[in-house]
Amino acid sequence: MTTLTVTSIRPRALVRASGGPRYAVALAVDALGTGLLRPFLLLYGVMVLRLSAPATGIAMTVGVVVGLLCMPAVGRWLDRGARSTVVAASMLVRALGVVLLLATPAGHVWPFAAAALVLGAGNQAWPAAHAALVATVAHGRERDAALAAGRALRNAGLGVGALLATACLAGGAAALQALAAVTGLAYLTAAALARSVHLRARPAAPPDGDGATDGDGATDGDGAGGPAPRMRALLAANVVYVFCLNVPEIALPLVLVTQLHASPVWSAAIFVTNTVLVVALQVPLTVLLSRFARRTVLALAGVVLAASYLGFLAATSLGGGWGAPAVAAVSVVCTLGEIVYAGSATALVTALAPAPVLGRTLARFELSTGFGLAVSPAAITALAPHGPTALWGGLAAATLLSASAVATEKDRPVPPKTRAGTGG
């Protein structure tokens, strides 16, 4: 058994493995536009459309959940060879969602729900389409680094967009409408750039050698035969792992403000720190851990996340004086767990999937991710009133159980016959 690792970061090679310069620009523009609007969509419903906060929140949640229904079709489309077209389509769908949002009359919740649904469908389709595109351009551990680079670039764009939008919020409803319009233009620009890459998948000759593996029981996703892997434990565990993505945005502000009575500045500082750490460390940590099997790294991510949840439990017991600084310190550990999770989860799925069913496999994984993101706010807010032990102890136990399931699940080896190639 041969272990494939990436030991250095070469920026040009990383850009090329990520889809090329034009695609990198498309990702940056798309992320910038998303950062301008997505964090403030609830405010748009309340301030611009004058909807109640509960009605706005329900419409957004329904939009995200129903948007998941598009994933089987996206998976089949990807398995027919489409790559850059699907990415561009996900961006165009979001541009349509912005148009519907701008056309929604004040006081009308159903048109807003329709806009949230279309935006949700585009948001759900993009990760699977992006991962399939990168898996077609790059292979082995180079692909893992490219996926990590895409996440770092996206987080940078989201952070810059959110900062710009925050600075513009003083303009009130008119500023939010202007931000929505700019977001729509950004999506259109990003879609044009992504489509111009003209990338499709086609069968290609097998790589030299007898198919090196990386310890995951797979051939780095380059196999051609066999059905889609079941991944039942991995998919179930992913629903729990995904909670870590909402901890800085939902759980920590809730705990800091309602339980520790700390200033909202602490929540903002934690969110900014999280973004900066992801941008700075996503690629280096992914490369550093490439010497280990992806499944081992993903299980390790669960252990780190569980340890951070127990850290939050200890930090909240300190009370108002030291509680907020302690929570902020532990949030760094949580972010490291998030980075390790994000750098290994999608990479493991692409490594396990035979090339002909890569799209459907990624779609199933995105369904589990989207479901986890949809239910985590409700789960967190339901556990929080029962005290820190219920919230953080429950999350820690569930995450450790998930890490154990990931570590012990057996994979069906993928035969290394052919791999996905590129075409015009």
# chains A, B, ... in the order shown; residues from 1 in each chain; ligands from 1
>>> residues_around(residues="segment 235-248 of chain A", least_positions_apart="6", cutoff="6 Å", atoms="only C-alpha atoms", output="NGL selection string")
:A and (271 or 368-369 or 372 or 376 or 402)
>>> write_last_selection(atoms="C-alpha atoms", output="compact mmCIF listing (two decimals), in the first residue's frame")
# COMPACT_ATOMS: atom_id res chain seq x y z
CA PHE A 271 -16.84 35.21 14.51
CA SER A 368 -26.61 15.20 5.10
CA THR A 369 -24.73 18.50 5.41
CA GLY A 372 -27.46 19.12 9.73
CA SER A 376 -28.75 22.49 14.25
CA SER A 402 -20.09 10.11 15.52
>>> residues_around(residues="Leu260 of chain A", least_positions_apart="6", cutoff="12 Å", atoms="only C-alpha atoms", output="PyMOL selection string")
chain A and resi 252-254+266-267+312+315-327+387-388
>>> closest_atom_pairs(of="segment 52-110 of chain A", to="segment 180-183 of chain A", cutoff="12 Å", atoms="only C-alpha atoms", output="CSV")
residue,atom,partner,partner_atom,distance
A:Met91,CA,A:Thr183,CA,10.7
A:Leu92,CA,A:Thr183,CA,11.4
A:Arg94,CA,A:Thr183,CA,9.1
A:Ala95,CA,A:Thr183,CA,7.7
A:Leu96,CA,A:Thr183,CA,10.8
A:Gly97,CA,A:Ala180,CA,10.0
A:Val98,CA,A:Ala180,CA,6.4
A:Val99,CA,A:Ala181,CA,8.0
A:Leu100,CA,A:Ala180,CA,10.6
A:Leu101,CA,A:Ala180,CA,8.0
A:Leu102,CA,A:Ala180,CA,7.3
A:Ala103,CA,A:Ala181,CA,10.9
>>> closest_atom_pairs(of="segment 89-177 of chain A", to="segment 277-287 of chain A", cutoff="12 Å", atoms="only C-alpha atoms", output="CSV")
residue,atom,partner,partner_atom,distance
A:Gly140,CA,A:Val287,CA,11.8
A:Arg141,CA,A:Val287,CA,8.0
A:Glu142,CA,A:Val287,CA,8.8
A:Arg143,CA,A:Val287,CA,10.5
A:Asp144,CA,A:Thr286,CA,7.3
A:Ala145,CA,A:Val283,CA,6.0
A:Ala146,CA,A:Val283,CA,8.1
A:Leu147,CA,A:Val283,CA,8.6
A:Ala148,CA,A:Val283,CA,5.2
A:Ala149,CA,A:Val283,CA,5.6
A:Gly150,CA,A:Val283,CA,9.0
A:Arg151,CA,A:Gln282,CA,7.5
A:Ala152,CA,A:Val279,CA,4.4
A:Leu153,CA,A:Val279,CA,6.8
A:Arg154,CA,A:Val279,CA,8.4
A:Asn155,CA,A:Val279,CA,6.2
A:Ala156,CA,A:Val279,CA,6.0
A:Gly157,CA,A:Val279,CA,9.7
A:Leu158,CA,A:Val279,CA,10.5
A:Gly159,CA,A:Val279,CA,9.5
A:Val160,CA,A:Val279,CA,11.5
>>> write_last_selection(atoms="N, CA and C atoms", output="short mmCIF file (atom, residue, chain, number, x, y, z; two decimals), in the first residue's frame")
data_model
loop_
_atom_site.label_atom_id
_atom_site.label_comp_id
_atom_site.auth_asym_id
_atom_site.auth_seq_id
_atom_site.Cartn_x
_atom_site.Cartn_y
_atom_site.Cartn_z
N GLY A 140 -5.91 12.66 -5.95
CA GLY A 140 -5.10 12.34 -4.78
C GLY A 140 -5.08 13.48 -3.77
N ARG A 141 -3.97 13.63 -3.12
CA ARG A 141 -3.86 14.62 -2.06
C ARG A 141 -3.80 16.05 -2.60
N GLU A 142 -3.43 16.19 -3.87
CA GLU A 142 -3.48 17.52 -4.48
C GLU A 142 -4.92 18.03 -4.52
N ARG A 143 -5.85 17.10 -4.77
CA ARG A 143 -7.27 17.46 -4.76
C ARG A 143 -7.71 17.93 -3.38
N ASP A 144 -7.25 17.23 -2.33
CA ASP A 144 -7.62 17.64 -0.97
C ASP A 144 -7.17 19.07 -0.69
N ALA A 145 -5.92 19.39 -1.10
CA ALA A 145 -5.41 20.74 -0.89
C ALA A 145 -6.21 21.76 -1.70
N ALA A 146 -6.63 21.37 -2.92
CA ALA A 146 -7.41 22.27 -3.75
C ALA A 146 -8.78 22.53 -3.14
N LEU A 147 -9.41 21.50 -2.60
CA LEU A 147 -10.70 21.69 -1.91
C LEU A 147 -10.53 22.61 -0.70
N ALA A 148 -9.44 22.42 0.04
CA ALA A 148 -9.17 23.28 1.19
C ALA A 148 -8.94 24.72 0.76
N ALA A 149 -8.22 24.91 -0.36
CA ALA A 149 -7.98 26.27 -0.86
C ALA A 149 -9.28 26.94 -1.26
N GLY A 150 -10.18 26.18 -1.88
CA GLY A 150 -11.48 26.74 -2.25
C GLY A 150 -12.26 27.19 -1.04
N ARG A 151 -12.20 26.41 0.04
CA ARG A 151 -12.91 26.80 1.27
C ARG A 151 -12.29 28.05 1.89
N ALA A 152 -10.96 28.11 1.89
CA ALA A 152 -10.31 29.30 2.44
C ALA A 152 -10.66 30.54 1.64
N LEU A 153 -10.63 30.41 0.31
CA LEU A 153 -10.97 31.55 -0.54
C LEU A 153 -12.42 31.97 -0.33
N ARG A 154 -13.30 30.99 -0.21
CA ARG A 154 -14.72 31.31 -0.01
C ARG A 154 -14.95 32.00 1.33
N ASN A 155 -14.29 31.54 2.38
CA ASN A 155 -14.45 32.18 3.67
C ASN A 155 -13.90 33.60 3.66
N ALA A 156 -12.81 33.82 2.92
CA ALA A 156 -12.29 35.18 2.81
C ALA A 156 -13.29 36.08 2.12
N GLY A 157 -13.87 35.60 1.02
CA GLY A 157 -14.87 36.40 0.31
C GLY A 157 -16.10 36.67 1.15
N LEU A 158 -16.57 35.64 1.87
CA LEU A 158 -17.73 35.81 2.75
C LEU A 158 -17.44 36.84 3.83
N GLY A 159 -16.23 36.78 4.42
CA GLY A 159 -15.87 37.72 5.48
C GLY A 159 -15.80 39.14 4.98
N VAL A 160 -15.17 39.34 3.82
CA VAL A 160 -15.07 40.70 3.27
C VAL A 160 -16.46 41.22 2.91
#
>>> residues_around(residues="Thr389 of chain A", least_positions_apart="6", cutoff="10 Å", atoms="only C-alpha atoms", output="list in words")
Tyr309, Leu310, Phe312, Leu313, Ala314, Thr316, Ser317, Leu383, Leu395 and Ala396 of chain A
>>> write_last_selection(atoms="N, CA, C and O atoms", output="PDB file, in the first residue's frame")
ATOM      1  N   TYR A 309     -16.244  21.326  22.956  1.00  0.00           N
ATOM      2  CA  TYR A 309     -17.561  21.456  23.588  1.00  0.00           C
ATOM      3  C   TYR A 309     -17.456  21.289  25.106  1.00  0.00           C
ATOM      4  O   TYR A 309     -18.112  22.013  25.871  1.00  0.00           O
ATOM      5  N   LEU A 310     -16.615  20.350  25.537  1.00  0.00           N
ATOM      6  CA  LEU A 310     -16.390  20.196  26.981  1.00  0.00           C
ATOM      7  C   LEU A 310     -15.669  21.420  27.539  1.00  0.00           C
ATOM      8  O   LEU A 310     -15.906  21.819  28.688  1.00  0.00           O
ATOM      9  N   PHE A 312     -16.140  24.467  26.415  1.00  0.00           N
ATOM     10  CA  PHE A 312     -17.194  25.482  26.564  1.00  0.00           C
ATOM     11  C   PHE A 312     -17.995  25.241  27.841  1.00  0.00           C
ATOM     12  O   PHE A 312     -18.403  26.188  28.523  1.00  0.00           O
ATOM     13  N   LEU A 313     -18.231  23.966  28.150  1.00  0.00           N
ATOM     14  CA  LEU A 313     -18.947  23.630  29.390  1.00  0.00           C
ATOM     15  C   LEU A 313     -18.181  24.143  30.596  1.00  0.00           C
ATOM     16  O   LEU A 313     -18.761  24.756  31.512  1.00  0.00           O
ATOM     17  N   ALA A 314     -16.873  23.936  30.603  1.00  0.00           N
ATOM     18  CA  ALA A 314     -16.052  24.423  31.716  1.00  0.00           C
ATOM     19  C   ALA A 314     -15.990  25.947  31.735  1.00  0.00           C
ATOM     20  O   ALA A 314     -16.045  26.568  32.812  1.00  0.00           O
ATOM     21  N   THR A 316     -18.198  28.175  30.662  1.00  0.00           N
ATOM     22  CA  THR A 316     -19.447  28.811  31.096  1.00  0.00           C
ATOM     23  C   THR A 316     -19.647  28.705  32.595  1.00  0.00           C
ATOM     24  O   THR A 316     -20.374  29.504  33.191  1.00  0.00           O
ATOM     25  N   SER A 317     -18.993  27.738  33.223  1.00  0.00           N
ATOM     26  CA  SER A 317     -19.136  27.600  34.677  1.00  0.00           C
ATOM     27  C   SER A 317     -18.360  28.675  35.431  1.00  0.00           C
ATOM     28  O   SER A 317     -18.555  28.847  36.636  1.00  0.00           O
ATOM     29  N   LEU A 383     -31.765  22.944  23.330  1.00  0.00           N
ATOM     30  CA  LEU A 383     -30.934  22.434  24.421  1.00  0.00           C
ATOM     31  C   LEU A 383     -30.479  23.536  25.380  1.00  0.00           C
ATOM     32  O   LEU A 383     -30.329  23.303  26.582  1.00  0.00           O
ATOM     33  N   LEU A 395     -23.791  17.831  22.946  1.00  0.00           N
ATOM     34  CA  LEU A 395     -23.034  17.955  21.698  1.00  0.00           C
ATOM     35  C   LEU A 395     -21.756  17.129  21.748  1.00  0.00           C
ATOM     36  O   LEU A 395     -21.377  16.476  20.764  1.00  0.00           O
ATOM     37  N   ALA A 396     -21.065  17.149  22.891  1.00  0.00           N
ATOM     38  CA  ALA A 396     -19.819  16.393  23.021  1.00  0.00           C
ATOM     39  C   ALA A 396     -20.074  14.892  22.883  1.00  0.00           C
ATOM     40  O   ALA A 396     -19.349  14.186  22.168  1.00  0.00           O
TER      41      ALA A 396
END
>>> atom_distance(atom1="atom CA of Ala190 of chain A", atom2="atom CA of Ala106 of chain A")
29.1 Å
>>> atom_distance(atom1="atom CA of Ala165 of chain A", atom2="atom CA of Ala178 of chain A")
10.0 Å
>>> closest_residue(among="A:Ala329, A:Val25, A:Ala301, A:Met60", to="Leu289 of chain A", atoms="only C-alpha atoms")
A:Ala301
>>> residues_around(residues="Leu234 of chain A", least_positions_apart="6", cutoff="12 Å", atoms="only C-alpha atoms", output="ChimeraX atom specification")
/A:240-242,295,298-299,302,344-346,348-349,352,361,364-366,368-369,401-411
